[in-house]
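The next block is entry34.csv, given as CSV, C-alpha atoms.
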chain,number,residue,atom,x,y,z
A,1,LYS,CA,90.1,129.0,84.4
A,2,ASN,CA,91.1,126.3,81.8
A,3,GLN,CA,88.2,123.9,81.7
A,4,VAL,CA,86.7,121.2,79.5
A,5,GLU,CA,83.1,120.3,79.9
A,6,GLN,CA,81.4,117.3,78.2
A,7,SER,CA,77.9,116.3,77.7
A,8,PRO,CA,76.1,114.1,78.1
A,9,GLN,CA,77.7,112.4,81.0
A,10,SER,CA,76.5,109.0,79.8
A,11,LEU,CA,74.6,107.7,76.8
A,12,ILE,CA,72.9,104.4,75.8
A,13,ILE,CA,72.2,103.7,72.2
A,14,LEU,CA,71.2,100.7,70.1
A,15,GLU,CA,73.7,99.0,67.8
A,16,GLY,CA,73.7,100.5,64.4
A,17,LYS,CA,72.5,103.9,65.5
A,18,ASN,CA,74.4,107.2,65.3
A,19,CYS,CA,75.2,109.5,68.2
A,20,THR,CA,76.9,112.9,68.8
A,21,LEU,CA,78.9,113.8,71.9
A,22,GLN,CA,79.5,117.4,72.9
A,23,CYS,CA,82.5,119.3,74.3
A,24,ASN,CA,82.8,122.9,75.4
A,25,TYR,CA,86.1,124.4,76.6
A,26,THR,CA,87.4,127.6,78.0
A,27,VAL,CA,91.1,126.9,77.5
A,28,SER,CA,93.1,129.8,76.2
A,29,PRO,CA,95.2,130.4,74.3
A,30,PHE,CA,94.0,127.4,72.4
A,31,SER,CA,96.4,125.1,70.7
A,32,ASN,CA,94.6,121.9,69.7
A,33,LEU,CA,91.7,119.7,70.6
A,34,ARG,CA,91.8,115.9,70.7
A,35,TRP,CA,89.2,113.2,71.2
A,36,TYR,CA,90.3,110.0,73.0
A,37,LYS,CA,88.6,106.7,73.5
A,38,GLN,CA,89.1,104.9,76.8
A,39,ASP,CA,88.0,101.4,77.3
A,40,THR,CA,87.3,100.2,80.8
A,41,GLY,CA,90.6,99.4,82.5
A,42,ARG,CA,92.7,100.7,79.7
A,43,GLY,CA,94.6,103.9,78.8
A,44,PRO,CA,93.1,106.5,76.4
A,45,VAL,CA,93.6,106.0,72.7
A,46,SER,CA,93.8,109.0,70.3
A,47,LEU,CA,91.0,109.2,67.8
A,48,THR,CA,91.4,112.7,66.2
A,49,ILE,CA,93.5,115.9,66.8
A,50,MET,CA,92.4,119.3,65.4
A,51,THR,CA,94.2,122.6,65.4
A,52,PHE,CA,92.6,126.1,65.3
A,53,SER,CA,92.2,126.1,61.5
A,54,GLU,CA,90.6,122.7,61.2
A,55,ASN,CA,86.8,122.4,61.3
A,56,THR,CA,86.3,118.7,60.8
A,57,LYS,CA,88.4,115.5,60.9
A,58,SER,CA,87.4,112.0,60.4
A,59,ASN,CA,88.8,108.6,61.5
A,60,GLY,CA,86.7,105.8,60.1
A,61,ARG,CA,83.2,106.0,61.7
A,62,TYR,CA,84.3,108.8,63.9
A,63,THR,CA,84.0,112.5,62.8
A,64,ALA,CA,85.0,115.4,65.0
A,65,THR,CA,84.1,119.0,64.4
A,66,LEU,CA,85.6,122.1,65.9
A,67,ASP,CA,84.2,125.7,66.2
A,68,ALA,CA,87.1,127.7,67.6
A,69,ASP,CA,84.9,130.8,67.7
A,70,THR,CA,82.3,129.3,70.1
A,71,LYS,CA,84.9,127.0,71.6
A,72,GLN,CA,82.8,123.9,70.9
A,73,SER,CA,83.5,120.5,69.5
A,74,SER,CA,81.5,117.4,68.8
A,75,LEU,CA,82.3,113.8,68.1
A,76,HIS,CA,79.9,112.0,65.8
A,77,ILE,CA,79.8,108.2,65.7
A,78,THR,CA,78.2,106.6,62.8
A,79,ALA,CA,76.6,103.1,62.6
A,80,SER,CA,77.6,102.3,66.2
A,81,GLN,CA,79.1,98.9,67.1
A,82,LEU,CA,79.2,97.1,70.4
A,83,SER,CA,82.9,97.7,70.5
A,84,ASP,CA,82.2,101.4,70.6
A,85,SER,CA,81.1,101.1,74.2
A,86,ALA,CA,83.7,103.1,76.1
A,87,SER,CA,84.4,106.6,77.5
A,88,TYR,CA,85.0,109.3,75.0
A,89,ILE,CA,87.2,112.1,76.3
A,90,CYS,CA,87.6,115.6,74.9
A,91,VAL,CA,91.2,116.9,75.5
A,92,VAL,CA,92.4,120.4,74.9
A,93,SER,CA,95.8,122.0,75.2
A,94,ARG,CA,97.1,125.5,75.5
A,95,MET,CA,99.5,127.1,73.0
A,96,ASP,CA,102.0,127.9,75.7
A,97,SER,CA,102.2,124.4,77.0
A,98,SER,CA,100.7,122.1,74.4
A,99,TYR,CA,102.1,119.0,76.0
A,100,LYS,CA,100.0,119.6,79.1
A,101,LEU,CA,96.7,117.9,78.1
A,102,ILE,CA,93.6,119.2,79.8
A,103,PHE,CA,91.0,116.4,80.0
A,104,GLY,CA,87.2,116.5,80.2
A,105,SER,CA,85.5,114.0,82.4
A,106,GLY,CA,84.3,112.0,79.4
A,107,THR,CA,81.0,110.7,78.1
A,108,ARG,CA,80.4,107.0,78.9
A,109,LEU,CA,78.8,105.4,75.8
A,110,LEU,CA,77.1,102.0,76.0
A,111,VAL,CA,76.0,100.4,72.8
A,112,ARG,CA,73.4,97.7,73.3
A,113,PRO,CA,72.6,94.9,70.8
B,1,ASN,CA,105.7,96.5,68.6
B,2,ALA,CA,105.3,97.2,72.3
B,3,GLY,CA,103.3,100.3,73.3
B,4,VAL,CA,103.7,102.2,76.5
B,5,MET,CA,104.3,99.6,79.3
B,6,GLN,CA,103.3,100.3,82.8
B,7,ASN,CA,103.8,98.1,85.8
B,8,PRO,CA,102.5,97.0,88.0
B,9,ARG,CA,98.9,97.2,86.8
B,10,HIS,CA,97.6,97.1,90.3
B,11,LEU,CA,99.4,98.1,93.5
B,12,VAL,CA,98.1,97.9,97.0
B,13,ARG,CA,99.8,99.7,99.8
B,14,ARG,CA,99.1,100.5,103.4
B,15,ARG,CA,99.2,104.0,104.7
B,16,GLY,CA,102.7,105.2,105.2
B,17,GLN,CA,104.3,102.9,102.7
B,18,GLU,CA,106.0,103.8,99.5
B,19,ALA,CA,104.7,103.3,96.0
B,20,ARG,CA,106.8,103.0,92.9
B,21,LEU,CA,105.2,103.1,89.5
B,22,ARG,CA,107.2,102.3,86.4
B,23,CYS,CA,106.7,103.4,82.8
B,24,SER,CA,108.6,102.3,79.8
B,25,PRO,CA,107.8,104.6,76.8
B,26,MET,CA,107.3,103.4,73.3
B,27,LYS,CA,110.4,102.6,71.3
B,28,GLY,CA,111.9,105.8,70.0
B,29,HIS,CA,110.0,108.1,72.4
B,30,SER,CA,112.0,110.3,74.7
B,31,HIS,CA,109.2,112.3,76.2
B,32,VAL,CA,107.2,110.9,79.1
B,33,TYR,CA,104.2,112.3,80.9
B,34,TRP,CA,102.4,111.2,84.1
B,35,TYR,CA,98.7,111.8,84.7
B,36,ARG,CA,96.5,110.9,87.7
B,37,GLN,CA,92.8,110.0,87.4
B,38,LEU,CA,90.8,110.1,90.6
B,39,PRO,CA,87.5,108.2,90.7
B,40,GLU,CA,84.8,109.7,88.5
B,41,GLU,CA,87.2,112.5,87.4
B,42,GLY,CA,89.2,113.2,84.2
B,43,LEU,CA,92.9,112.7,84.0
B,44,LYS,CA,95.0,115.5,85.5
B,45,PHE,CA,98.6,116.3,84.3
B,46,MET,CA,101.3,115.7,86.9
B,47,VAL,CA,104.7,115.9,85.3
B,48,TYR,CA,106.6,116.0,81.9
B,49,LEU,CA,110.0,114.5,81.7
B,50,GLN,CA,112.7,113.9,79.1
B,51,LYS,CA,115.7,111.7,79.6
B,52,GLU,CA,117.4,112.9,82.8
B,53,ASN,CA,115.4,116.1,82.9
B,54,ILE,CA,112.2,117.3,84.5
B,55,ILE,CA,110.6,119.7,82.1
B,56,ASP,CA,107.4,120.6,83.9
B,57,GLU,CA,106.3,119.4,87.3
B,58,SER,CA,103.6,121.9,87.9
B,59,GLY,CA,101.0,119.3,88.5
B,60,MET,CA,102.9,117.3,91.1
B,61,PRO,CA,101.9,117.7,94.8
B,62,LYS,CA,104.6,119.6,96.6
B,63,GLU,CA,105.3,116.8,99.0
B,64,ARG,CA,105.8,113.1,98.9
B,65,PHE,CA,105.7,112.8,95.1
B,66,SER,CA,108.7,112.6,92.8
B,67,ALA,CA,109.4,111.5,89.3
B,68,GLU,CA,112.5,110.6,87.3
B,69,PHE,CA,113.4,109.4,83.8
B,70,PRO,CA,117.0,108.1,84.0
B,71,LYS,CA,119.3,107.7,81.0
B,72,GLU,CA,118.8,104.0,81.2
B,73,GLY,CA,115.6,102.2,82.3
B,74,PRO,CA,112.0,103.2,82.8
B,75,SER,CA,110.5,106.4,84.2
B,76,ILE,CA,109.6,106.1,87.9
B,77,LEU,CA,106.8,107.9,89.7
B,78,ARG,CA,107.5,107.6,93.4
B,79,ILE,CA,105.0,108.3,96.2
B,80,GLN,CA,106.3,108.3,99.7
B,81,GLN,CA,104.2,107.8,102.8
B,82,VAL,CA,101.1,107.1,100.9
B,83,VAL,CA,97.7,108.2,102.2
B,84,ARG,CA,94.2,107.1,101.2
B,85,GLY,CA,93.7,110.1,99.0
B,86,ASP,CA,96.5,108.9,96.8
B,87,SER,CA,94.3,106.0,95.7
B,88,ALA,CA,93.8,106.6,91.9
B,89,ALA,CA,94.8,105.4,88.5
B,90,TYR,CA,98.1,106.7,87.4
B,91,PHE,CA,98.7,106.9,83.6
B,92,CYS,CA,101.9,107.3,81.8
B,93,ALA,CA,102.1,108.6,78.2
B,94,SER,CA,105.0,109.0,75.8
B,95,SER,CA,105.6,110.9,72.6
B,96,ALA,CA,108.3,111.3,70.0
B,97,ALA,CA,108.2,115.1,70.4
B,98,GLY,CA,107.0,117.5,73.0
B,99,GLU,CA,104.0,118.5,70.9
B,100,GLY,CA,103.3,115.2,69.4
B,101,ILE,CA,100.5,112.7,69.9
B,102,GLN,CA,100.7,111.2,73.4
B,103,TYR,CA,100.3,107.4,73.6
B,104,PHE,CA,99.1,106.1,76.9
B,105,GLY,CA,99.8,103.0,78.9
B,106,ALA,CA,97.1,100.9,80.5
B,107,GLY,CA,97.7,102.6,83.9
B,108,THR,CA,98.6,101.5,87.4
B,109,ARG,CA,95.7,101.4,89.8
B,110,LEU,CA,97.0,102.3,93.3
B,111,SER,CA,94.8,101.3,96.3
B,112,VAL,CA,95.9,102.6,99.7
B,113,LEU,CA,94.4,100.7,102.6

Have the structure of the file written as structure tokens, please.
Amino acid sequence: KNQVEQSPQSLIILEGKNCTLQCNYTVSPFSNLRWYKQDTGRGPVSLTIMTFSENTKSNGRYTATLDADTKQSSLHITASQLSDSASYICVVSRMDSSYKLIFGSGTRLLVRP
Amino acid sequence: NAGVMQNPRHLVRRRGQEARLRCSPMKGHSHVYWYRQLPEEGLKFMVYLQKENIIDESGMPKERFSAEFPKEGPSILRIQQVVRGDSAAYFCASSAAGEGIQYFGAGTRLSVL
């Protein structure tokens, strides 16, 4: 079954600290993996997108990694800011229907001052 | 520089009524996707449309739900005879190509009383 599992479910960190969010997937055949940020009451916003051949991709203070062999990805946030408080969602798509995004349930991050 | 526009943002319906959700894609985008997010769950794919064509409706419930993307005007997700279980956030996304980055609207939150 095509699934995307994320951990932790929620996380609280202090402003300025780093954190790493995890994603495991069983989607096959794999096409690409995306990380989205979703603020409360808003739609998801794309942070990174990686294909099979890419191991890491950065977008400012966000760095995503991908291990296609173990089907794991992580999102590392450096020097967190209050505005980073949001849900971070791992999204995977299949090669035969790459438009059909398969969403994880997200990790809810709260950054405290 | 409008992004994906969804309206209404909030919609309240009584059981048995009809709900119409509208989505205007980003300028230049001709691919539209609808997703549903139940409380505490990840987004689930419903349907993929291009102008005047339904490409993939494999995520749509078999009854009461329909979607269209006419030549002129927004895409419409229509839910007939709503039930309490239809209460959810409905997100629309658009892309310039079928495999491109999907940009999401802010969603319509449907509450069925």

Worksheet entry | Distance in Å - CA of Gly42 (chain B) versus CA of Ser73 (chain A) |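 One can read the CA of Gly42 (chain B) to CA of Ser73 (chain A) distance as 17.4 Å.
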
Item to complete: Within 6 Å of Tyr33 (chain B), counting only C-alpha atoms, which residues show up once you throw out same-chain ones fewer than 3 positions away? Write them as a PyMOL selection string, please.
Response: chain B and resi 47-48+92-93

Discussion item. I need the contact residues of chain A against chain B, so if you could list those with any atom within 9 Å, counting all atoms listed in the file, and return them as a PyMOL selection string, that would help.
Written reply: chain A and resi 41-46+49+89+97-106

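When CA of Ser80 (chain A) is paired with CA of Tyr25 (chain A), their separation reads 25.9 Å.
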
Just want the 9 Å neighbourhood of Ser111 (chain B), counted on all atoms listed in the file, with same-chain residues fewer than 5 positions away dropped. Output as a compact mmCIF listing (two decimals) with C-alpha atoms, keeping the file's coordinate frame.
# COMPACT_ATOMS: atom_id res chain seq x y z
CA HIS B 10 97.60 97.10 90.30
CA LEU B 11 99.40 98.10 93.50
CA VAL B 12 98.10 97.90 97.00
CA ARG B 13 99.80 99.70 99.80
CA ARG B 14 99.10 100.50 103.40
CA ARG B 84 94.20 107.10 101.20
CA ASP B 86 96.50 108.90 96.80
CA SER B 87 94.30 106.00 95.70
CA ALA B 88 93.80 106.60 91.90
CA ALA B 89 94.80 105.40 88.50

Worksheet item: What is the CA of Val91 (chain A) to CA of Val83 (chain B) distance in Å?
Response: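 One can read the CA of Val91 (chain A) to CA of Val83 (chain B) distance as 28.8 Å.
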
Practice prompt. Excluding Gln81 (chain A) and any residue of its chain fewer than 3 positions from it, enumerate the residues within 8 Å of it, using only C-alpha atoms, and give them as JSON, numbers by chain.
Written response: {"A": [15, 16, 84, 85, 111]}

Worksheet entry | Contacts of Thr70 (chain A) within 10 Å, only C-alpha atoms, excl. fewer than 4 positions in-chain, as a VMD selection string | chain A and resid 24 to 26 66

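Checking B:Arg36, B:His29, B:Arg78, B:Arg22 one by one against Gly3 (chain B), counting all atoms listed in the file, you find the shortest gap at B:His29.
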
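Distances from A:Val92, A:Ala79, A:Cys19, A:Leu11 to Thr107 (chain A) were compared using only C-alpha atoms, and the smallest one belongs to A:Leu11.
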
Worksheet item: In terms of the shortest atom-to-atom distance over all atoms listed in the file, which of A:Gln38, A:Ser58, A:Ser74, A:Asn18 is closest to Gln6 (chain A)?
Response: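 Residue with the minimum atom-to-atom distance to Gln6 (chain A): A:Ser74.
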
Practice prompt. Find the spatial neighbours of Arg94 (chain A), counting all atoms listed in the file, within a cut-off of 6 Å - ignore same-chain residues fewer than 2 positions away - and output them as a ChimeraX atom specification.
Written response: /A:28-31,96-98
